[in-house]
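To start, the structure under review is shown below, and the notes come after it.
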Amino acid sequence: MRAQEEERLRIARELHDGIGQSLSALVFGLNTVSLAITQAPSEVPRLLDRLKISASETIRELQTIIYDLRPTLLDDLGLIQALKWYTRERLEARDVRVILEIPEHVPRLPPEIETALFRIAQEAITNICKHAEAIEARIRLALQPQWVELEIADNGIGFIWSEVQKGNGACRGWGLLGIQERVELLGGEMKIESAPGQGTRLWVRLPIGG
């Protein structure tokens, strides 16, 4: 429940700070165009071009939020393609070098396992983007008949895991405790290795039967 509420809070903030402000800017721009039609007609084409760019950026921002809520690639093509796409969109777009150790062909896993692994990777990648200040990240996926392993490591600034577990400071909102709860609900295991200046390694193993 706590993880769900934190996710709702994050989405609400993104909608308010991102989409809400972008739409307000579009309304302001339309009002400016309306005045320019009568007062400065020659400026209208330039103003409209700026509005088109702003509208396109708002659409992309909204698409990102929608994808975060439920990635269609995960439903259509499975975990591997969804992970590769998300990694490119989030890490490589920020000039973070990515090392992928992911099998090319992995059979479809139970839906709850695929969703859990993607959400875990999503949270870890978000942390790398927002907090780690890393220049390199490694993502490894390994599959066995009875279990699946996911490992995500970076060479960023690191943190003190015991402080996160206690809920001290801003670390409480990093989502790692939400990952831990998700893993425990599925009967899995989780390890986090991190220290200031030494990067972070997240390791998760989930049972899949077989």
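Just remember, in the structure tokens the first chain shown is A, the second B, etc., residues are 1-based per chain, and ligands are 1-based in the order shown.
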- Query: Which polymer residues have any atom within 10 Å of an atom of stretch 115-123 of chain A, counting only C-alpha atoms, with same-chain residues fewer than 4 positions away left out, as an MDAnalysis selection string?
  - Reply: chainID A and resid 68:71 74:75 78:80 82:83 86:87 90 109:111 127:129 139 141 148:152 174:176 178:180 182:183 186 202 204:206
Writer output for current selection, N, CA, C and O atoms, as a compact mmCIF listing (two decimals), in the first residue's frame:
```txt
# COMPACT_ATOMS: atom_id res chain seq x y z
N ASP A 68 5.08 4.72 -18.54
CA ASP A 68 5.49 4.34 -17.18
C ASP A 68 4.37 3.62 -16.44
O ASP A 68 4.60 2.73 -15.63
N LEU A 69 3.13 4.03 -16.70
CA LEU A 69 1.99 3.41 -16.03
C LEU A 69 1.79 1.97 -16.51
O LEU A 69 1.55 1.07 -15.72
N ARG A 70 1.90 1.75 -17.82
CA ARG A 70 1.76 0.40 -18.35
C ARG A 70 2.41 0.33 -19.72
O ARG A 70 1.81 0.75 -20.71
N PRO A 71 3.65 -0.15 -19.80
CA PRO A 71 4.33 -0.20 -21.09
C PRO A 71 3.70 -1.20 -22.04
O PRO A 71 3.58 -2.38 -21.73
N LEU A 74 5.74 -4.32 -23.05
CA LEU A 74 5.76 -5.43 -22.12
C LEU A 74 4.65 -6.41 -22.44
O LEU A 74 4.83 -7.63 -22.40
N ASP A 75 3.48 -5.90 -22.78
CA ASP A 75 2.35 -6.77 -23.14
C ASP A 75 2.54 -7.41 -24.51
O ASP A 75 2.25 -8.59 -24.69
N GLY A 78 7.05 -8.62 -24.70
CA GLY A 78 7.69 -9.28 -23.57
C GLY A 78 8.73 -8.44 -22.86
O GLY A 78 9.05 -7.30 -23.23
N LEU A 79 9.30 -9.04 -21.83
CA LEU A 79 10.19 -8.35 -20.91
C LEU A 79 11.47 -7.86 -21.58
O LEU A 79 11.91 -6.73 -21.34
N ILE A 80 12.08 -8.67 -22.43
CA ILE A 80 13.38 -8.33 -22.99
C ILE A 80 13.31 -7.05 -23.82
O ILE A 80 14.10 -6.12 -23.63
N ALA A 82 11.01 -4.77 -23.80
CA ALA A 82 10.62 -3.64 -22.95
C ALA A 82 11.82 -3.10 -22.18
O ALA A 82 12.01 -1.89 -22.07
N LEU A 83 12.67 -3.99 -21.66
CA LEU A 83 13.86 -3.57 -20.93
C LEU A 83 14.83 -2.82 -21.85
O LEU A 83 15.37 -1.79 -21.48
N TYR A 86 13.37 0.67 -22.67
CA TYR A 86 13.40 1.58 -21.54
C TYR A 86 14.82 2.03 -21.23
O TYR A 86 15.07 3.19 -20.89
N THR A 87 15.76 1.09 -21.37
CA THR A 87 17.16 1.42 -21.14
C THR A 87 17.66 2.47 -22.12
O THR A 87 18.32 3.44 -21.74
N ARG A 90 15.96 5.96 -21.35
CA ARG A 90 16.28 6.65 -20.10
C ARG A 90 17.79 6.82 -19.86
O ARG A 90 18.23 7.89 -19.46
N LEU A 109 7.47 -15.17 -19.52
CA LEU A 109 7.35 -15.54 -18.12
C LEU A 109 5.93 -15.26 -17.65
O LEU A 109 5.16 -14.58 -18.33
N PRO A 110 5.56 -15.78 -16.48
CA PRO A 110 4.24 -15.43 -15.94
C PRO A 110 4.07 -13.92 -15.89
O PRO A 110 5.02 -13.19 -15.56
N PRO A 111 2.88 -13.41 -16.22
CA PRO A 111 2.67 -11.96 -16.29
C PRO A 111 3.09 -11.21 -15.03
O PRO A 111 3.67 -10.11 -15.12
N ASN A 127 16.39 5.69 -10.49
CA ASN A 127 17.32 6.11 -9.45
C ASN A 127 18.68 6.48 -10.04
O ASN A 127 19.32 7.44 -9.60
N ILE A 128 19.12 5.69 -11.03
CA ILE A 128 20.40 6.00 -11.68
C ILE A 128 20.33 7.37 -12.35
O ILE A 128 21.25 8.18 -12.23
N CYS A 129 19.21 7.62 -13.03
CA CYS A 129 19.05 8.90 -13.74
C CYS A 129 18.99 10.08 -12.78
O CYS A 129 19.58 11.13 -13.03
N ILE A 139 23.25 -4.08 -16.87
CA ILE A 139 21.99 -4.76 -16.60
C ILE A 139 22.13 -6.21 -17.06
O ILE A 139 22.44 -6.48 -18.23
N LEU A 141 20.37 -10.19 -16.98
CA LEU A 141 19.20 -11.03 -16.74
C LEU A 141 19.60 -12.47 -16.98
O LEU A 141 20.19 -12.80 -18.02
N VAL A 148 14.41 -16.62 -11.94
CA VAL A 148 14.97 -15.62 -12.84
C VAL A 148 15.70 -14.59 -12.00
O VAL A 148 15.25 -14.21 -10.92
N GLU A 149 16.87 -14.16 -12.47
CA GLU A 149 17.69 -13.19 -11.77
C GLU A 149 17.79 -11.91 -12.57
O GLU A 149 17.94 -11.94 -13.78
N LEU A 150 17.74 -10.78 -11.86
CA LEU A 150 17.97 -9.48 -12.47
C LEU A 150 19.00 -8.74 -11.63
O LEU A 150 18.86 -8.66 -10.40
N GLU A 151 20.01 -8.22 -12.31
CA GLU A 151 21.05 -7.46 -11.62
C GLU A 151 21.26 -6.15 -12.35
O GLU A 151 21.41 -6.12 -13.57
N ILE A 152 21.25 -5.05 -11.60
CA ILE A 152 21.48 -3.73 -12.16
C ILE A 152 22.53 -3.03 -11.31
O ILE A 152 22.34 -2.87 -10.10
N TRP A 174 13.29 6.89 -2.58
CA TRP A 174 13.97 6.37 -3.76
C TRP A 174 13.28 5.15 -4.35
O TRP A 174 13.60 4.70 -5.43
N GLY A 175 12.34 4.57 -3.63
CA GLY A 175 11.61 3.44 -4.16
C GLY A 175 12.23 2.09 -3.88
O GLY A 175 11.67 1.05 -4.25
N LEU A 176 13.39 2.06 -3.22
CA LEU A 176 14.05 0.78 -2.97
C LEU A 176 13.25 -0.08 -2.00
O LEU A 176 13.22 -1.31 -2.14
N GLY A 178 10.07 -0.05 -1.83
CA GLY A 178 8.98 -0.58 -2.64
C GLY A 178 9.42 -1.79 -3.42
O GLY A 178 8.66 -2.77 -3.57
N ILE A 179 10.64 -1.77 -3.95
CA ILE A 179 11.19 -2.94 -4.64
C ILE A 179 11.26 -4.12 -3.68
O ILE A 179 10.88 -5.25 -4.01
N GLN A 180 11.76 -3.86 -2.47
CA GLN A 180 11.88 -4.92 -1.47
C GLN A 180 10.53 -5.55 -1.15
O GLN A 180 10.40 -6.78 -1.08
N ARG A 182 7.87 -5.62 -3.11
CA ARG A 182 7.40 -6.36 -4.29
C ARG A 182 8.07 -7.73 -4.36
O ARG A 182 7.43 -8.74 -4.65
N VAL A 183 9.38 -7.76 -4.10
CA VAL A 183 10.13 -9.01 -4.15
C VAL A 183 9.64 -9.97 -3.07
O VAL A 183 9.43 -11.17 -3.32
N LEU A 186 6.39 -11.78 -3.81
CA LEU A 186 6.51 -12.86 -4.79
C LEU A 186 7.41 -14.00 -4.31
O LEU A 186 7.73 -14.90 -5.07
N LEU A 202 22.15 -3.73 -7.45
CA LEU A 202 20.87 -4.31 -7.03
C LEU A 202 20.75 -5.69 -7.64
O LEU A 202 20.89 -5.86 -8.86
N VAL A 204 18.24 -9.20 -7.70
CA VAL A 204 16.93 -9.73 -7.37
C VAL A 204 16.79 -11.12 -7.98
O VAL A 204 17.21 -11.35 -9.12
N ARG A 205 16.24 -12.05 -7.23
CA ARG A 205 15.91 -13.38 -7.74
C ARG A 205 14.45 -13.68 -7.41
O ARG A 205 14.03 -13.57 -6.26
N LEU A 206 13.69 -14.05 -8.44
CA LEU A 206 12.28 -14.37 -8.26
C LEU A 206 12.01 -15.81 -8.72
O LEU A 206 12.52 -16.23 -9.77
```
- All helix (DSSP H, G or I) positions in stretch 113-142 of chain A, as a ChimeraX atom specification: /A:113-132
- Nearby residues (only C-alpha atoms) at most 9 Å from stretch 9-22 of chain A, same-chain spacing under 3 positions excluded, as a list in words: Gln4, Glu5, Glu6, Ala25, Leu26, Val27, Ser54, Ala55, Glu57, Thr58, Ile59, Glu61, Leu62, Ile65 and Leu69 of chain A
- Run DSSP on the backbone of this structure and report the residues of stretch 11-139 of chain A it assigns to strand (DSSP E), as number ranges by chain. A: 97-101, 136-139
